[in-house]
Amino acid sequence: MKVAFHTLGCKVNQYETEALRLQFQKRGYEITGETEFADIYVINTCTVTGLADRKSRQYIRKMKKLNPQSVVAVTGCYAQIKPEEVGAVEGVNIVAGTNEKGKLVDYIEKFIRERKPQVHVLAYEELKEYEEMGLVTATESRTRAYIKIQEGCSRFCSYCVIPYARGRVRSRAADDIVKEAEGLLSRGFKELVLTGINTALYGTEEGFPQEELSGIESIIARLSKLPGDFRIRLSSLEPAVVNAEYVKRLLRYEKLCHHLHLSAQSGSSRILSAMNRPYERQDYLDIVKALKEFDPCYGISTDLIAGFPGETEADFRESMTLIKEAGFCKVHAFQYSRRPLTKAASMDGQIPASIKKVRSQELLKAGEDASVKFFESNRGTVRQVLLEEYLQDEECLTGYTDNYIRVYVKSQDKENLNTFCRILLQEPFADGMRGSIE
């Protein structure tokens, strides 16, 4: 039987879909593309915004149309938060919450035998253990692999539904992380991306075995000791958890990429307080300063929310100026979206949609300008690039620098694919820069 997957949302979802693919393959299923005819469709959903919910419903209907007789299983955060709503979508046969993904093959085979709809969702209080889905040994990418290191979040930012969707913090056993990394490196992967719902909370829950080094540093230290020519990238780090002094400790690990996704969410200390983000604007800039002092071209990307309840024009302008002050390499800007269960959903001062739209567009434009300025600051420098893909139409190789610039190298030589090369960065181009091999 053929099975196809569609993944919405974050890198954790992408990792978990890879784990599911391997589980199905081990049971003898054939994996096919999401636009192809399949006997089974698995939709791994997101619920971070109302738009994510709508996209999830759209893909459920779209994939069912490819084969009206197919089995449709919906999992992920949207399925966890609103199982009844998901189950009511025409064509859905199985709803599985975030901690039930590892049992999807069993649930699907049971449905095929019995033809009875199923809903498998644990309550938040029951999400206590890390669900080990097996070691991922391959990914769709041939060069970069995600490794999930933890699940859940205990911060409860006032706008965010994800703690309710993912549950409390559960960290993955360090030995399993290292074993998965060793397997991926042995298969030729050159970049390991550490991901989780809140990676900075790794190992902080009560009862988790304590290492000499605290938090995510304990994992970075162990992975850095593995042999081989590879690098480590953090998918994100939360300023709500770590400060400048902790980040400085991470800079000593040579295999760690000079790039960090550091979610600001707002440039206003007043709004950060309303968001239940336990830091101020200057605390955030102190982390930025530490990174830029270590490497003036250190890549820092971020998230910013436009139109949080009570956000004044002055608050918004502080987010705009933060973009310039921090010198971001990439800005992801979102309109505030009311989410169920969150405190912000019932706050006074809800911002009209028209104003949120205008503010988000301004943030995006400022972010684009910041990216170009960041590219210009890298002009004439030489960075290590992992060449990952050959673009036939452009006749060039492409890959990412350690500080997260996409580089385009004019070449017909494919021998450098999946290798590290020293690249001279020449000029901004497309969504990155042109470069030449040194």
# chains A, B, ... in the order shown; residues from 1 in each chain; ligands from 1
>>> select_by_dssp(residues="range 165-340 of chain A", states="strand (DSSP E or B)", output="MDAnalysis selection string")
chainID A and resid 170:171 191:196 231:234 256 259:261 265 299:306 330:335
>>> residues_around(residues="Gly97 in chain A", least_positions_apart="3", cutoff="8 Å", atoms="only C-alpha atoms", output="PDB file with C-alpha atoms, in the first residue's frame")
ATOM      1  CA  THR A  75      -2.061  14.297  13.696  1.00  0.00           C
ATOM      2  CA  GLY A  76      -0.103  17.181  15.182  1.00  0.00           C
ATOM      3  CA  CYS A  77      -0.942  20.281  17.198  1.00  0.00           C
ATOM      4  CA  ALA A  79      -5.448  17.590  16.116  1.00  0.00           C
ATOM      5  CA  GLN A  80      -4.356  17.843  19.767  1.00  0.00           C
ATOM      6  CA  PRO A  83      -9.842  16.931  17.957  1.00  0.00           C
ATOM      7  CA  GLU A 100       0.204   9.522  19.677  1.00  0.00           C
ATOM      8  CA  LYS A 101       2.158   9.927  16.444  1.00  0.00           C
ATOM      9  CA  HIS A 120      -6.585   9.235  20.166  1.00  0.00           C
ATOM     10  CA  VAL A 121      -5.759  12.377  22.149  1.00  0.00           C
ATOM     11  CA  LEU A 122      -4.225  12.506  25.621  1.00  0.00           C
TER      12      LEU A 122
END
>>> select_by_dssp(residues="range 157-336 of chain A", states="helix (DSSP H, G or I)", output="PyMOL selection string")
chain A and resi 162-166+174-186+199-201+217-224+244-250+269-274+281-294+313-326
>>> residues_around(residues="Cys421 in chain A", least_positions_apart="2", cutoff="6 Å", atoms="only C-alpha atoms", output="number ranges by chain")
A: 384-385, 423
>>> closest_residue(among="A:Thr47, A:Ser411, A:Ser337, A:Gln282", to="Leu391 in chain A", atoms="only C-alpha atoms")
A:Ser411
